[in-house]
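Asker: Below is a structure I'd like to ask you about.
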Amino acid sequence: MADFMYNRGMLAGGGLVLRACCGRSGVVAGDLKREGDGATPKARMRLVRVFYRPDRFAARPKASVPMVPLSSQDGWCDDPAHPDYNRLVRLPFEAGHEVLWREDGRYDLIGVLDWNLGPITPGRGSAIFFHIAPPGYAPTEGCIGVSREDALAALAAGMDGINVVGE
């Protein structure tokens, strides 16, 4: 088990130092994080589970947390007014949500970080994930992103959380 630290575009832990990206609005204090602000919360977040696209991997990736195969009907509710806010949902879904089965490869691996999961506070931010970085390590919507190879290496090294300390 290894706690990783994100700071200034790098994710380090488990003997690895990896290039990474964070939210388009940078890193903000946890008490300032709001839904849709594009910020990554400055916080220690535990890795709860990892979703993966089974059609994109020859074998189930290795991780120290539960690995769950994605389905094309999986989504994540990001509507603060809905009772399923910040939870996995089945599509079609009537409220605001993110589709997890994406063609761009970013969600081939999705590590669910425990931001705003217990208890869930509407509007405090949803879907803070560890996932595949956009091309060129462009900013995310608030998640931590690394390359596909680095994501697999971090999970195999026992990643069990990310401590976001700075931009």
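Chain lettering (A, B, ...) mirrors the order of the structure tokens, residue numbering begins at 1 for each chain separately, and ligand numbering begins at 1 in order of display.
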Per DSSP on the backbone, what are the helix (DSSP H, G or I) residues of range 49-165 of chain A, as an NGL selection string?
Answerer: :A and (54-56 or 135-137 or 148-156)
Asker: Which neighbours of range 47-50 of chain A fall inside 8 Å, counting only C-alpha atoms, when residues of the same chain fewer than 6 positions from it are skipped, and could you give them as a PyMOL selection string?
Answerer: chain A and resi 65-68+109-114+159-162
Asker: Export, as a compact mmCIF listing (two decimals), in the first residue's frame, the selected residues with all heavy atoms.
Answerer:
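In the end it all went to part.txt:
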```txt
# COMPACT_ATOMS: atom_id res chain seq x y z
N VAL A 65 -6.78 -1.98 -4.38
CA VAL A 65 -8.19 -1.72 -4.07
C VAL A 65 -9.04 -2.53 -5.04
O VAL A 65 -8.53 -3.02 -6.06
CB VAL A 65 -8.50 -0.21 -4.19
CG1 VAL A 65 -7.69 0.60 -3.18
CG2 VAL A 65 -8.28 0.30 -5.59
N PRO A 66 -10.33 -2.68 -4.76
CA PRO A 66 -11.17 -3.44 -5.68
C PRO A 66 -11.18 -2.87 -7.10
O PRO A 66 -11.25 -1.66 -7.29
CB PRO A 66 -12.57 -3.33 -5.05
CG PRO A 66 -12.32 -3.06 -3.61
CD PRO A 66 -11.05 -2.25 -3.56
N MET A 67 -11.08 -3.78 -8.07
CA MET A 67 -11.16 -3.44 -9.49
C MET A 67 -12.55 -3.86 -9.98
O MET A 67 -12.96 -4.99 -9.77
CB MET A 67 -10.10 -4.19 -10.29
CG MET A 67 -8.67 -3.80 -9.97
SD MET A 67 -8.26 -2.13 -10.47
CE MET A 67 -8.33 -2.24 -12.24
N VAL A 68 -13.24 -2.93 -10.64
CA VAL A 68 -14.61 -3.16 -11.07
C VAL A 68 -14.71 -2.90 -12.58
O VAL A 68 -14.37 -1.80 -13.03
CB VAL A 68 -15.59 -2.22 -10.33
CG1 VAL A 68 -17.02 -2.46 -10.75
CG2 VAL A 68 -15.43 -2.35 -8.82
N LEU A 109 -9.25 3.67 -17.23
CA LEU A 109 -9.03 3.39 -15.79
C LEU A 109 -9.54 4.60 -15.03
O LEU A 109 -9.16 5.73 -15.34
CB LEU A 109 -7.54 3.23 -15.48
CG LEU A 109 -6.86 1.94 -15.84
CD1 LEU A 109 -5.35 2.09 -15.67
CD2 LEU A 109 -7.38 0.81 -14.97
N ILE A 110 -10.41 4.38 -14.05
CA ILE A 110 -10.94 5.48 -13.24
C ILE A 110 -10.80 5.09 -11.77
O ILE A 110 -11.52 4.23 -11.27
CB ILE A 110 -12.44 5.73 -13.51
CG1 ILE A 110 -12.73 5.85 -14.99
CG2 ILE A 110 -12.90 6.96 -12.73
CD1 ILE A 110 -14.21 5.82 -15.29
N GLY A 111 -9.88 5.73 -11.09
CA GLY A 111 -9.74 5.52 -9.66
C GLY A 111 -10.66 6.48 -8.93
O GLY A 111 -10.54 7.70 -9.08
N VAL A 112 -11.60 5.97 -8.17
CA VAL A 112 -12.54 6.80 -7.42
C VAL A 112 -11.86 7.23 -6.13
O VAL A 112 -11.51 6.39 -5.29
CB VAL A 112 -13.85 6.06 -7.13
CG1 VAL A 112 -14.79 6.93 -6.30
CG2 VAL A 112 -14.52 5.60 -8.42
N LEU A 113 -11.65 8.54 -5.98
CA LEU A 113 -11.08 9.08 -4.75
C LEU A 113 -12.23 9.47 -3.82
O LEU A 113 -13.31 9.83 -4.28
CB LEU A 113 -10.18 10.28 -5.07
CG LEU A 113 -8.98 9.93 -5.94
CD1 LEU A 113 -8.31 11.18 -6.50
CD2 LEU A 113 -7.98 9.09 -5.16
N ASP A 114 -12.00 9.38 -2.52
CA ASP A 114 -13.11 9.53 -1.57
C ASP A 114 -13.50 10.98 -1.26
O ASP A 114 -14.05 11.26 -0.20
CB ASP A 114 -12.84 8.77 -0.29
CG ASP A 114 -11.73 9.36 0.57
OD1 ASP A 114 -11.00 10.25 0.10
OD2 ASP A 114 -11.58 8.91 1.72
N MET A 159 -0.81 1.94 -4.99
CA MET A 159 -1.46 3.22 -4.70
C MET A 159 -2.76 2.99 -3.94
O MET A 159 -3.62 2.23 -4.39
CB MET A 159 -1.74 4.00 -5.97
CG MET A 159 -2.56 5.27 -5.72
SD MET A 159 -3.21 5.98 -7.22
CE MET A 159 -1.91 7.12 -7.57
N ASP A 160 -2.89 3.64 -2.79
CA ASP A 160 -4.15 3.55 -2.04
C ASP A 160 -4.72 4.92 -1.70
O ASP A 160 -5.71 5.03 -1.00
CB ASP A 160 -3.99 2.70 -0.79
CG ASP A 160 -2.99 3.24 0.20
OD1 ASP A 160 -2.38 4.29 -0.06
OD2 ASP A 160 -2.82 2.61 1.25
N GLY A 161 -4.07 5.97 -2.21
CA GLY A 161 -4.58 7.31 -2.00
C GLY A 161 -3.67 8.35 -2.62
O GLY A 161 -2.55 8.04 -3.04
N ILE A 162 -4.18 9.58 -2.68
CA ILE A 162 -3.41 10.71 -3.20
C ILE A 162 -3.56 11.87 -2.21
O ILE A 162 -4.66 12.23 -1.83
CB ILE A 162 -3.90 11.15 -4.60
CG1 ILE A 162 -3.73 10.03 -5.61
CG2 ILE A 162 -3.14 12.41 -5.04
CD1 ILE A 162 -4.27 10.35 -7.00
```
Asker: Excluding Gly142 in chain A and any residue of its chain fewer than 6 positions from it, enumerate the residues within 6 Å of it, using only C-alpha atoms, and give them as a PyMOL selection string.
Answerer: chain A and resi 22-23+38-40
Asker: To one decimal place, how far is CA of Asn116 in chain A from CA of Leu11 in chain A in Å?
Answerer: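 A separation of 21.4 Å between them.
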Asker: Please determine, counting only C-alpha atoms, which residue among A:Arg19, A:Arg46, A:His131, A:Lys33 has the shortest atom-to-atom distance to Ala2 in chain A.
Answerer: A:Arg46
Asker: Just checking: using only C-alpha atoms, which residue out of A:Pro69, A:Gly30, A:Gly123, A:Gly136 ends up closest to Trp101 in chain A?
Answerer: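 Of A:Pro69, A:Gly30, A:Gly123, A:Gly136, the one nearest Trp101 in chain A, counting only C-alpha atoms, is A:Pro69.
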Asker: I'd like the contact shell of range 70-78 of chain A - 6 Å cut-off, only C-alpha atoms, skipping same-chain residues fewer than 2 positions apart - returned as an mmCIF file with all heavy atoms, in the first residue's frame.
Answerer:
```cif
data_model
loop_
_atom_site.group_PDB
_atom_site.id
_atom_site.type_symbol
_atom_site.label_atom_id
_atom_site.label_comp_id
_atom_site.auth_asym_id
_atom_site.auth_seq_id
_atom_site.Cartn_x
_atom_site.Cartn_y
_atom_site.Cartn_z
ATOM 1 N N PHE A 51 -12.426 1.569 -11.534
ATOM 2 C CA PHE A 51 -13.190 1.031 -12.654
ATOM 3 C C PHE A 51 -12.246 0.912 -13.843
ATOM 4 O O PHE A 51 -11.328 1.718 -13.996
ATOM 5 C CB PHE A 51 -14.339 1.974 -13.044
ATOM 6 C CG PHE A 51 -15.404 2.103 -12.006
ATOM 7 C CD1 PHE A 51 -15.501 3.246 -11.239
ATOM 8 C CD2 PHE A 51 -16.319 1.081 -11.801
ATOM 9 C CE1 PHE A 51 -16.491 3.379 -10.280
ATOM 10 C CE2 PHE A 51 -17.310 1.200 -10.845
ATOM 11 C CZ PHE A 51 -17.394 2.359 -10.080
ATOM 12 N N TYR A 52 -12.469 -0.091 -14.667
ATOM 13 C CA TYR A 52 -11.650 -0.247 -15.881
ATOM 14 C C TYR A 52 -12.522 -0.756 -17.014
ATOM 15 O O TYR A 52 -13.534 -1.413 -16.792
ATOM 16 C CB TYR A 52 -10.461 -1.190 -15.632
ATOM 17 C CG TYR A 52 -10.858 -2.633 -15.457
ATOM 18 C CD1 TYR A 52 -10.770 -3.530 -16.518
ATOM 19 C CD2 TYR A 52 -11.332 -3.111 -14.240
ATOM 20 C CE1 TYR A 52 -11.151 -4.859 -16.374
ATOM 21 C CE2 TYR A 52 -11.705 -4.426 -14.082
ATOM 22 C CZ TYR A 52 -11.619 -5.295 -15.149
ATOM 23 O OH TYR A 52 -12.004 -6.605 -15.008
ATOM 24 N N ARG A 53 -12.125 -0.403 -18.247
ATOM 25 C CA ARG A 53 -12.831 -0.887 -19.425
ATOM 26 C C ARG A 53 -12.282 -2.254 -19.789
ATOM 27 O O ARG A 53 -11.156 -2.360 -20.282
ATOM 28 C CB ARG A 53 -12.642 0.082 -20.595
ATOM 29 C CG ARG A 53 -13.448 1.329 -20.410
ATOM 30 C CD ARG A 53 -14.166 1.879 -21.569
ATOM 31 N NE ARG A 53 -14.279 1.157 -22.802
ATOM 32 C CZ ARG A 53 -14.589 1.747 -23.952
ATOM 33 N NH1 ARG A 53 -14.778 3.047 -24.008
ATOM 34 N NH2 ARG A 53 -14.718 1.044 -25.043
ATOM 35 N N TYR A 85 -26.474 12.342 -6.123
ATOM 36 C CA TYR A 85 -25.297 13.201 -6.330
ATOM 37 C C TYR A 85 -24.023 12.520 -5.835
ATOM 38 O O TYR A 85 -23.989 11.957 -4.744
ATOM 39 C CB TYR A 85 -25.502 14.526 -5.595
ATOM 40 C CG TYR A 85 -24.321 15.469 -5.668
ATOM 41 C CD1 TYR A 85 -23.897 15.996 -6.883
ATOM 42 C CD2 TYR A 85 -23.626 15.831 -4.521
ATOM 43 C CE1 TYR A 85 -22.821 16.864 -6.951
ATOM 44 C CE2 TYR A 85 -22.552 16.708 -4.579
ATOM 45 C CZ TYR A 85 -22.154 17.214 -5.793
ATOM 46 O OH TYR A 85 -21.083 18.066 -5.860
ATOM 47 N N ASN A 86 -22.995 12.587 -6.676
ATOM 48 C CA ASN A 86 -21.663 12.023 -6.408
ATOM 49 C C ASN A 86 -21.697 10.509 -6.194
ATOM 50 O O ASN A 86 -20.960 9.971 -5.364
ATOM 51 C CB ASN A 86 -20.975 12.714 -5.230
ATOM 52 C CG ASN A 86 -19.466 12.571 -5.299
ATOM 53 O OD1 ASN A 86 -18.895 12.350 -6.362
ATOM 54 N ND2 ASN A 86 -18.809 12.689 -4.166
ATOM 55 N N ARG A 87 -22.528 9.846 -6.974
ATOM 56 C CA ARG A 87 -22.627 8.385 -6.910
ATOM 57 C C ARG A 87 -22.662 7.798 -8.325
ATOM 58 O O ARG A 87 -23.080 8.454 -9.279
ATOM 59 C CB ARG A 87 -23.904 7.967 -6.189
ATOM 60 C CG ARG A 87 -23.905 8.257 -4.715
ATOM 61 C CD ARG A 87 -25.140 7.628 -4.048
ATOM 62 N NE ARG A 87 -25.126 7.837 -2.632
ATOM 63 C CZ ARG A 87 -25.724 8.853 -2.022
ATOM 64 N NH1 ARG A 87 -26.394 9.751 -2.720
ATOM 65 N NH2 ARG A 87 -25.672 8.965 -0.709
ATOM 66 N N LEU A 88 -22.269 6.536 -8.398
ATOM 67 C CA LEU A 88 -22.391 5.765 -9.632
ATOM 68 C C LEU A 88 -23.872 5.599 -9.954
ATOM 69 O O LEU A 88 -24.667 5.296 -9.050
ATOM 70 C CB LEU A 88 -21.735 4.394 -9.453
ATOM 71 C CG LEU A 88 -21.763 3.453 -10.642
ATOM 72 C CD1 LEU A 88 -20.842 3.965 -11.741
ATOM 73 C CD2 LEU A 88 -21.328 2.058 -10.196
ATOM 74 N N VAL A 89 -24.241 5.809 -11.219
ATOM 75 C CA VAL A 89 -25.632 5.640 -11.654
ATOM 76 C C VAL A 89 -25.654 4.815 -12.941
ATOM 77 O O VAL A 89 -24.647 4.669 -13.622
ATOM 78 C CB VAL A 89 -26.326 7.011 -11.879
ATOM 79 C CG1 VAL A 89 -26.466 7.764 -10.565
ATOM 80 C CG2 VAL A 89 -25.607 7.855 -12.924
ATOM 81 N N ARG A 90 -26.827 4.296 -13.254
ATOM 82 C CA ARG A 90 -27.036 3.546 -14.492
ATOM 83 C C ARG A 90 -27.683 4.461 -15.524
ATOM 84 O O ARG A 90 -28.594 5.210 -15.210
ATOM 85 C CB ARG A 90 -27.945 2.334 -14.247
ATOM 86 C CG ARG A 90 -27.379 1.305 -13.272
ATOM 87 C CD ARG A 90 -26.135 0.659 -13.743
ATOM 88 N NE ARG A 90 -26.410 -0.361 -14.739
ATOM 89 C CZ ARG A 90 -25.493 -1.010 -15.394
ATOM 90 N NH1 ARG A 90 -24.206 -0.755 -15.180
ATOM 91 N NH2 ARG A 90 -25.797 -1.926 -16.266
ATOM 92 N N LEU A 91 -27.181 4.387 -16.739
ATOM 93 C CA LEU A 91 -27.726 5.180 -17.840
ATOM 94 C C LEU A 91 -28.782 4.379 -18.588
ATOM 95 O O LEU A 91 -28.675 3.153 -18.653
ATOM 96 C CB LEU A 91 -26.584 5.576 -18.783
ATOM 97 C CG LEU A 91 -25.421 6.327 -18.135
ATOM 98 C CD1 LEU A 91 -24.352 6.631 -19.162
ATOM 99 C CD2 LEU A 91 -25.886 7.581 -17.436
ATOM 100 N N GLY A 96 -28.264 15.483 -14.246
ATOM 101 C CA GLY A 96 -26.919 15.736 -14.754
ATOM 102 C C GLY A 96 -25.962 14.625 -14.364
ATOM 103 O O GLY A 96 -25.995 14.142 -13.228
ATOM 104 N N HIS A 97 -25.125 14.217 -15.322
ATOM 105 C CA HIS A 97 -24.208 13.102 -15.065
ATOM 106 C C HIS A 97 -23.059 13.116 -16.061
ATOM 107 O O HIS A 97 -23.112 13.800 -17.079
ATOM 108 C CB HIS A 97 -24.943 11.763 -15.156
ATOM 109 C CG HIS A 97 -25.480 11.488 -16.529
ATOM 110 N ND1 HIS A 97 -26.668 11.999 -16.979
ATOM 111 C CD2 HIS A 97 -24.973 10.780 -17.568
ATOM 112 C CE1 HIS A 97 -26.876 11.609 -18.228
ATOM 113 N NE2 HIS A 97 -25.852 10.871 -18.616
ATOM 114 N N GLU A 98 -22.046 12.360 -15.710
ATOM 115 C CA GLU A 98 -20.926 12.106 -16.613
ATOM 116 C C GLU A 98 -21.054 10.683 -17.127
ATOM 117 O O GLU A 98 -21.371 9.773 -16.356
ATOM 118 C CB GLU A 98 -19.610 12.201 -15.818
ATOM 119 C CG GLU A 98 -18.688 13.250 -16.320
ATOM 120 C CD GLU A 98 -17.340 13.179 -15.649
ATOM 121 O OE1 GLU A 98 -17.261 13.338 -14.433
ATOM 122 O OE2 GLU A 98 -16.353 12.971 -16.391
ATOM 123 N N VAL A 99 -20.808 10.479 -18.409
ATOM 124 C CA VAL A 99 -20.781 9.136 -18.995
ATOM 125 C C VAL A 99 -19.387 8.572 -18.730
ATOM 126 O O VAL A 99 -18.381 9.205 -19.048
ATOM 127 C CB VAL A 99 -21.079 9.189 -20.505
ATOM 128 C CG1 VAL A 99 -20.901 7.821 -21.144
ATOM 129 C CG2 VAL A 99 -22.478 9.738 -20.756
ATOM 130 N N LEU A 100 -19.303 7.384 -18.130
ATOM 131 C CA LEU A 100 -18.003 6.808 -17.794
ATOM 132 C C LEU A 100 -17.401 5.986 -18.933
ATOM 133 O O LEU A 100 -16.185 5.815 -18.997
ATOM 134 C CB LEU A 100 -18.107 5.964 -16.525
ATOM 135 C CG LEU A 100 -18.559 6.717 -15.271
ATOM 136 C CD1 LEU A 100 -18.526 5.793 -14.054
ATOM 137 C CD2 LEU A 100 -17.728 7.963 -15.031
ATOM 138 N N TRP A 101 -18.224 5.477 -19.829
ATOM 139 C CA TRP A 101 -17.748 4.678 -20.975
ATOM 140 C C TRP A 101 -17.431 5.647 -22.099
ATOM 141 O O TRP A 101 -18.292 6.025 -22.882
ATOM 142 C CB TRP A 101 -18.829 3.683 -21.380
ATOM 143 C CG TRP A 101 -18.413 2.653 -22.361
ATOM 144 C CD1 TRP A 101 -18.432 2.751 -23.726
ATOM 145 C CD2 TRP A 101 -17.933 1.344 -22.079
ATOM 146 N NE1 TRP A 101 -17.998 1.587 -24.296
ATOM 147 C CE2 TRP A 101 -17.688 0.703 -23.315
ATOM 148 C CE3 TRP A 101 -17.678 0.646 -20.901
ATOM 149 C CZ2 TRP A 101 -17.212 -0.599 -23.395
ATOM 150 C CZ3 TRP A 101 -17.209 -0.651 -20.980
ATOM 151 C CH2 TRP A 101 -16.978 -1.258 -22.213
ATOM 152 N N SER A 126 -18.011 16.683 -7.081
ATOM 153 C CA SER A 126 -18.248 15.262 -7.348
ATOM 154 C C SER A 126 -17.204 14.746 -8.318
ATOM 155 O O SER A 126 -16.534 15.517 -9.005
ATOM 156 C CB SER A 126 -19.648 15.068 -7.948
ATOM 157 O OG SER A 126 -19.746 15.680 -9.210
#
```
Asker: Could you check which of A:Gly105, A:Gly145, A:Gly118, A:Pro92 is closest to Phe130 in chain A, using only C-alpha atoms?
Answerer: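 Smallest distance to Phe130 in chain A is found for A:Gly145.
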Asker: Just the residues within 12 Å of Phe4 in chain A, please, counting only C-alpha atoms, with nothing from its chain fewer than 6 positions along; format it as a PyMOL selection string.
Answerer: chain A and resi 10-18+20+43-47+130+144+151+154-155+157-165
Asker: DSSP on the backbone: what in chain A comes out strand (DSSP E or B), as number ranges by chain?
Answerer: A: 2-7, 10-13, 16-19, 21, 23, 27-29, 40-42, 44-52, 67-69, 74-77, 88-90, 97-99, 109-113, 129-132, 140, 144-146, 159-164
Asker: Residues near Asp37 in chain A, anyone? I mean within 12 Å using only C-alpha atoms, not counting same-chain ones fewer than 5 positions away, as a PyMOL selection string.
Answerer: chain A and resi 23-28+32+123-126+128+140-143
Asker: Which of these, A:Ile132, A:Glu94, A:Gly166, A:Pro80, has the shortest distance to Lys42 in chain A once you count only C-alpha atoms?
Answerer: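 Smallest distance to Lys42 in chain A is found for A:Gly166.
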Asker: Work out how far apart CA of Arg34 in chain A and CA of Val146 in chain A are and give it in Å to one decimal.
Answerer: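 Result for CA of Arg34 in chain A versus CA of Val146 in chain A: 23.1 Å, one decimal.
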